[in-house]
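Participant: Please read through the structure below; I'll follow up with questions.
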Amino acid sequence: MNESQNLDELLVSRSDQARRPAEPCTVVIFGASGDLTARKLIPALYHLTLEKLMPQPFRIVGFARREKSDETWRTELREALNKFSRTQPVQEDVWNAFAANIHYCQADMSDESGYQKLKALVHGFPDERLRTNLLFYLATNPSQFGEVTGHLSAVGLLQKAESKVTPERIVVEKPFGHDLETAEALNLELTRFAHEKQIFRIDHYLGKETVQNILTFRFSNGIWERLWNRECIDHVQITVAEKLGVGSRGGYYEEAGAIRDMVQNHVLQVLSLVGMEPPSSLEAENVRDEKVKLLKSIRPMTPAQVAENVVRGQYFAGEVDGELRPAYRSETKVKPNSHVETFLAMRLFVDNWRWHGVPFYIRTGKNLPLSASEIRVQFKSAPNILFAAKDQLDSNSLTLRLQPNEGMTLRFNGKVPGGAAELRPVRMHFSYDSEFGAYTPEAYERLLLESMAGDATLFIRRDEVETAWKIVDAIRRAWVGKPLTNREFYAAGTWGPAAADDLLAKSGHEWRNPQSKH
Ligand code: BG6
C-alpha cells in the first residue's frame with residue numbers, strides 16, 4: 001500500500017468513527033398537518049428510505065388536531081410528495097414500504113389525554129427500540145414548546161437525562177425567539193423538561209452539503225489554513241441573495257425583517273464556520289465551542305458604530321427577470337409605511353488573533369437579481385512593482401459557492417498569450433456536479449438523519465443562539481426611532497441600496513456580485 005492510500009484510509013476511518021449510525025426509532029411530529037411536514041419532513045424521510053439510510057425498523061407518528069385516520073393522512077402525504085419530492089416520479093414500492101410505518105395520532109396539544117393516547121400508540125410498537133428511542137419534532141409555534149414538552153414529561157415519554165444511551169430528543173425549528181430575552185425564556189422552558197444535550201435546534205443552512213464542506217475544506221487541506229488569517233486575507237464577503245420577495249409571508253416578515261429572518265441564524269452560522277479556529281475533534285461540543293468563540297469575538301457595536309457599519313434596505317417596485325415585482329410596502333399584510341428591512345449589509349470585525357483588522361462584509365436581501373449564497377475571500381494584493389505599468393492588479397480571491405452552481409472558484413492573474421505583457425484574471429473551478437454527479441440531498445435529509453442518530457454537531461447550541469441574539473439585539477436597538485433614509489431603498493431586481501455600496505467604498509472595497517454562470 002502506498003502512502004497516499006494509507007492516508008485515504010485514515011481519513012475515511014476517522015470520519016466514519018465520527019458518525020454515529022441512526023438506531024431504530026420513532027419520530028413524532030407535532031403540528032403534523034402543517035406545511036413543513038408535507039413540504040420538507042416527509043419528502044426528506046421518504047428520500048432517506050429510498051437511499052436506504054433510514055434505520056430499520058422505524059415509525060413516524062403525526063400528532064395533530066384534525067380528525068383523520070392513518071390511511072387518510074398517508075393519502076394526503078402521498079399527494080404532497082408528488083408535488084414536493086426532489087426526485088420524480090415517486091417510487092411506488094418504496095413509498096408503500098415507507099408509508100406502512102406512518103401513523104396518525106389525533107389529539108389536542110393542550111390536552112393531556114392526547115399524550116396518553118400517543119403513549120399507548122408508541123408502546124404498542126413491536127420493537128423495544130421503537131418504544132424507547134424517541135425523537136419529538138416540534139413543527140409548532142414556539143409558544144407551544146413548553147406545553148408540549150411539559151405534557152410529554154408528565155406522561156413519561158420524555159425524561160430529562162444527560163447520559164442515557166438513547167435519550168429522547170427534541171427538534172425545534174426557527175424562529176428560536178424574537179430577541180435574547182425571548183430566546184432565553186424558550187431555552188428555560190425547554191430545559192425544564194429536557195437536558196440541553198437532548199435539544200436539537202435546526203438551522204437548515206447547516207444541513208447543506210456546501211456549508212458542511214467549509215470545515216472540510218479549511219481543515220483537511222494543507223494550503224488554506226496558512227493563508228486563512230489577517231496576514232493574507234484583505235476582507236471577506238458573505239452574500240446570501242434571494243430573487244424572491246416576501247410573497248405571502250408579509251405578516252411574519254413585518255416582525256422579523258432580514259436581520260431576524262436571515263442574519264441571526266443562517267448568515268452568522270456561515271460566518272462562524274468561515275472564521276472559527278480548528279476544533280480539537282469533530283465531536284459536536286468541540287465544533288460548537290469554536291463556533292461560539294468566534295461569535296463572541298465579533299466586536300460589539302455602539303449605536304454610533306451601527307450607524308456607520310450597518311445598512312438597511314427595503315425594496316420598492318421593480319423588475320426581476322422581466323417580471324414586475326410590487327414594492328414591499330404593497331405586499332399583503334405589510335404596513336404601507338413599514339420601515340422593516342428586506343435587505344441588510346454590514347461590516348463586522350472579529351477581534352481575535354487571526355482576524356484582527358479584517359473586515360467581514362455580510363449582506364442578504366430579497367428581490368435581488370439572483371438567488372445565490374456565496375463566500376468570497378479576497379486576498380491581499382501582490383506588491384505592484386513588476387507590473388506597475390499595467391492597471392491595478394486584480395487581487396486573488398477564492399469564492400465558495402454554497403448555492404446554486406455549488407462549487408469553488410479560485411481567481412488569479414495570468415498572462416494573456418502573445419507578445420504584449422498583458423495580464424488578466426483567470427479562474428480555476430471546482431464544481432460539485434462535475435466532480436460528484438448531481439447528488440443534491442435536501443438539507444432536511446441530513447438534519448433528520450443526524451437528529452435520529454443523536455449527533456448534535458449540525459444543530460445550534462443554547463449559547464450559540466443566545467450569542468447571535470446579542471449581536472442582533474444591539475443592532476436593532478440602535479434602529480429604534482430611526483426610519484429608513486432615502487439611500488436605503490432599492491428597486492426590486494437590483495443589488496440593494498446605494499448605501500450598501502458606500503459602506504464598502506469607505507474602505508476602498510467593492511461588492512463582488514455573484515454571477516449566474518461560472
Ligand atoms: C429561511 C427564511 O430560513 O431561509 C426564508 O425564513 C429564506 O426567508 C430561506 O427564503 C432561504 O433558504 P434557502 O435554503 O432557500 O437559501
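As shown in the C-alpha cells, the chain order sets the letters A, B, ...; within each chain, residues go from 1, and ligands are also counted from 1 in the order they appear.
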Which residues form the shell of 7 Å around ligand 1 when you count only C-alpha atoms and all ligand atoms, given as a ChimeraX atom specification?

Facilitator: /A:204-205,242,261-262

Participant: Those same residues - C-alpha atoms - I'd like them written as a CSV table (one decimal), in the first residue's frame.

Facilitator:
```
chain,number,residue,atom,x,y,z
A,204,HIS,CA,-31.3,24.4,7.8
A,205,TYR,CA,-28.2,26.0,6.4
A,242,GLU,CA,-32.6,35.8,-2.9
A,261,ASP,CA,-35.0,36.0,9.3
A,262,MET,CA,-31.5,35.5,7.8
```

Participant: List the spatial neighbours of segment 43-53 of chain A as a VMD selection string - criterion: any atom at most 9 Å away, only C-alpha atoms, same-chain residues fewer than 4 positions off excluded.

Facilitator: chain A and resid 22 37 to 39 77 80 to 81 84 to 87 91 94 to 95 97 to 99 441 to 446 448 to 449

Participant: Write out, as a CSV table (one decimal), in the first residue's frame, the residues just selected, with N, CA and C atoms.

Facilitator:
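Done, and the output landed in again_39.csv:
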```csv
chain,number,residue,atom,x,y,z
A,22,ALA,N,-27.8,5.8,12.8
A,22,ALA,CA,-29.1,6.0,13.4
A,22,ALA,C,-29.7,4.7,13.8
A,37,THR,N,-44.3,19.7,7.4
A,37,THR,CA,-44.4,18.3,7.3
A,37,THR,C,-44.5,17.8,5.9
A,38,ALA,N,-45.5,18.4,5.2
A,38,ALA,CA,-45.7,17.9,3.8
A,38,ALA,C,-44.6,18.4,2.9
A,39,ARG,N,-44.1,19.6,3.1
A,39,ARG,CA,-43.1,20.1,2.1
A,39,ARG,C,-41.7,19.6,2.3
A,77,LEU,N,-50.3,12.8,2.4
A,77,LEU,CA,-48.8,12.9,2.3
A,77,LEU,C,-48.3,12.4,0.9
A,80,ALA,N,-48.9,15.1,-1.5
A,80,ALA,CA,-47.9,16.2,-1.3
A,80,ALA,C,-46.6,15.8,-1.9
A,81,LEU,N,-46.2,14.6,-1.7
A,81,LEU,CA,-44.9,14.1,-2.2
A,81,LEU,C,-44.8,14.2,-3.7
A,84,PHE,N,-43.7,17.8,-3.9
A,84,PHE,CA,-42.5,18.3,-3.3
A,84,PHE,C,-41.3,17.4,-3.3
A,85,SER,N,-41.5,16.2,-3.8
A,85,SER,CA,-40.3,15.3,-3.9
A,85,SER,C,-39.3,15.8,-4.8
A,86,ARG,N,-38.0,15.8,-4.4
A,86,ARG,CA,-36.9,16.3,-5.3
A,86,ARG,C,-36.6,15.3,-6.4
A,87,THR,N,-37.1,14.0,-6.2
A,87,THR,CA,-36.9,13.1,-7.3
A,87,THR,C,-38.3,12.7,-7.8
A,91,GLN,N,-41.3,6.6,-6.2
A,91,GLN,CA,-41.3,5.2,-6.5
A,91,GLN,C,-42.3,4.4,-5.6
A,94,VAL,N,-41.2,1.9,-2.9
A,94,VAL,CA,-40.5,2.5,-1.8
A,94,VAL,C,-41.6,3.2,-0.9
A,95,TRP,N,-42.4,3.9,-1.6
A,95,TRP,CA,-43.5,4.7,-0.9
A,95,TRP,C,-44.3,3.7,0.0
A,97,ALA,N,-43.6,0.8,1.2
A,97,ALA,CA,-42.9,0.2,2.3
A,97,ALA,C,-42.7,1.3,3.4
A,98,PHE,N,-42.5,2.6,2.9
A,98,PHE,CA,-42.3,3.7,3.8
A,98,PHE,C,-43.6,4.0,4.6
A,99,ALA,N,-44.7,4.1,3.8
A,99,ALA,CA,-46.0,4.6,4.3
A,99,ALA,C,-46.5,3.6,5.3
A,441,PRO,N,-28.8,16.2,-1.9
A,441,PRO,CA,-29.8,15.9,-0.9
A,441,PRO,C,-30.3,17.2,-0.3
A,442,GLU,N,-31.5,17.2,0.1
A,442,GLU,CA,-32.1,18.3,0.8
A,442,GLU,C,-31.5,18.4,2.2
A,443,ALA,N,-31.3,19.7,2.6
A,443,ALA,CA,-30.8,19.9,4.0
A,443,ALA,C,-31.5,19.1,5.0
A,444,TYR,N,-32.8,19.0,4.9
A,444,TYR,CA,-33.6,18.3,5.9
A,444,TYR,C,-33.3,16.8,6.0
A,445,GLU,N,-32.8,16.2,4.9
A,445,GLU,CA,-32.5,14.8,4.9
A,445,GLU,C,-31.3,14.6,5.9
A,446,ARG,N,-30.3,15.4,5.7
A,446,ARG,CA,-29.1,15.2,6.6
A,446,ARG,C,-29.5,15.5,8.1
A,448,LEU,N,-32.4,15.4,9.6
A,448,LEU,CA,-33.2,14.4,10.2
A,448,LEU,C,-32.4,13.1,10.6
A,449,LEU,N,-31.5,12.8,9.7
A,449,LEU,CA,-30.7,11.6,9.9
A,449,LEU,C,-29.8,11.9,11.2
```

Participant: Leaving out Arg476 of chain A and any residue of its chain fewer than 6 positions from it, which residues lie within 10 Å of it when counting only C-alpha atoms, given as number ranges by chain?

Facilitator: A: 179, 259-260, 303, 306, 470

Participant: In Å, rounded to a single decimal, give me how far atom CA of Asn309 of chain A is from atom CA of Ala498 of chain A.

Facilitator: 14.0 Å

Participant: Could you pull out the strand (DSSP E) residues of segment 346-496 of chain A from DSSP and send them as a PyMOL selection string?

Facilitator: chain A and resi 346-349+359-365+372-379+397-403+407-415+423-431+489-491

Participant: Separation of atom CA of Thr210 of chain A and atom CA of Leu273 of chain A, in Å?

Facilitator: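 It comes out at 11.4 Å.
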
Participant: If you run DSSP on the backbone, which residues of segment 229-445 of chain A are alpha helix (DSSP H), as a ChimeraX atom specification?

Facilitator: /A:250-258,268-275,284-296,303-309,432-436,443-445

Participant: What's the separation between atom CA of Leu344 of chain A and atom CA of Ala307 of chain A, in Å to one decimal place?

Facilitator: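 Atom CA of Leu344 of chain A sits 12.4 Å away from atom CA of Ala307 of chain A.
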
Participant: Out of A:Ala421, A:Leu206, A:Ala492, A:Leu188, which residue has the shortest atom-to-atom distance to Glu319 of chain A when counting only C-alpha atoms?

Facilitator: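 Selected residue with least distance to Glu319 of chain A: A:Ala492.
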
Participant: For Val28 of chain A, find every residue with an atom within 9 Å (counting only C-alpha atoms), except residues of its own chain fewer than 5 positions away, and show them as a list of chain:residue names.

Facilitator: A:Arg59, A:Ile60, A:Val61, A:Gly62, A:Phe63, A:Leu134, A:Leu135, A:Phe136, A:Tyr137, A:Leu138

Participant: Between A:Trp511, A:Tyr104, A:Phe489, A:Phe412, which is the closest to Met346 of chain A once you count only C-alpha atoms?

Facilitator: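 Using only C-alpha atoms, the shortest distance to Met346 of chain A belongs to A:Trp511.
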
Participant: Just the residues within 9 Å of Arg20 of chain A, please, counting only C-alpha atoms, with nothing from its chain fewer than 4 positions along; format it as a ChimeraX atom specification.

Facilitator: /A:16,450,453-455

Participant: Let me see the file: selected residues, N, CA and C atoms, as a short mmCIF file (atom, residue, chain, number, x, y, z; two decimals), in the first residue's frame.

Facilitator:
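Result went into out_9.cif, see below:
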```
data_model
loop_
_atom_site.label_atom_id
_atom_site.label_comp_id
_atom_site.auth_asym_id
_atom_site.auth_seq_id
_atom_site.Cartn_x
_atom_site.Cartn_y
_atom_site.Cartn_z
N ASP A 16 -15.70 8.06 9.55
CA ASP A 16 -16.68 7.04 9.90
C ASP A 16 -16.87 6.94 11.40
N GLU A 450 -29.20 13.05 11.24
CA GLU A 450 -28.32 13.34 12.38
C GLU A 450 -29.11 13.39 13.69
N ALA A 453 -29.76 10.01 14.74
CA ALA A 453 -28.54 9.38 15.24
C ALA A 453 -28.08 10.02 16.55
N GLY A 454 -28.68 11.15 16.92
CA GLY A 454 -28.32 11.79 18.18
C GLY A 454 -27.01 12.57 18.09
N ASP A 455 -26.62 12.96 16.89
CA ASP A 455 -25.39 13.75 16.74
C ASP A 455 -25.78 15.23 16.57
#
```

Participant: Could you tell me which of A:Leu370, A:Leu423, A:Val311, A:Leu157 comes closest to Leu393 of chain A if we count only C-alpha atoms?

Facilitator: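 For Leu393 of chain A, the nearest of the candidates is A:Leu423.
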
Participant: Counting only C-alpha atoms, figure out which residue out of A:Met301, A:Gln198, A:Ala420, A:Arg347 gets nearest to Arg477 of chain A.

Facilitator: A:Met301

Participant: Could you check which of A:Leu294, A:Ala154, A:Ile223, A:Val377 is closest to Asp463 of chain A, using only C-alpha atoms?

Facilitator: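 Ranking A:Leu294, A:Ala154, A:Ile223, A:Val377 by distance to Asp463 of chain A, first place goes to A:Leu294.
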
Participant: Of the residues A:Leu190, A:Val320, A:Ala139, A:Ala456, which is the one nearest to Arg288 of chain A, using only C-alpha atoms?

Facilitator: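 For Arg288 of chain A, the nearest of the candidates is A:Ala456.
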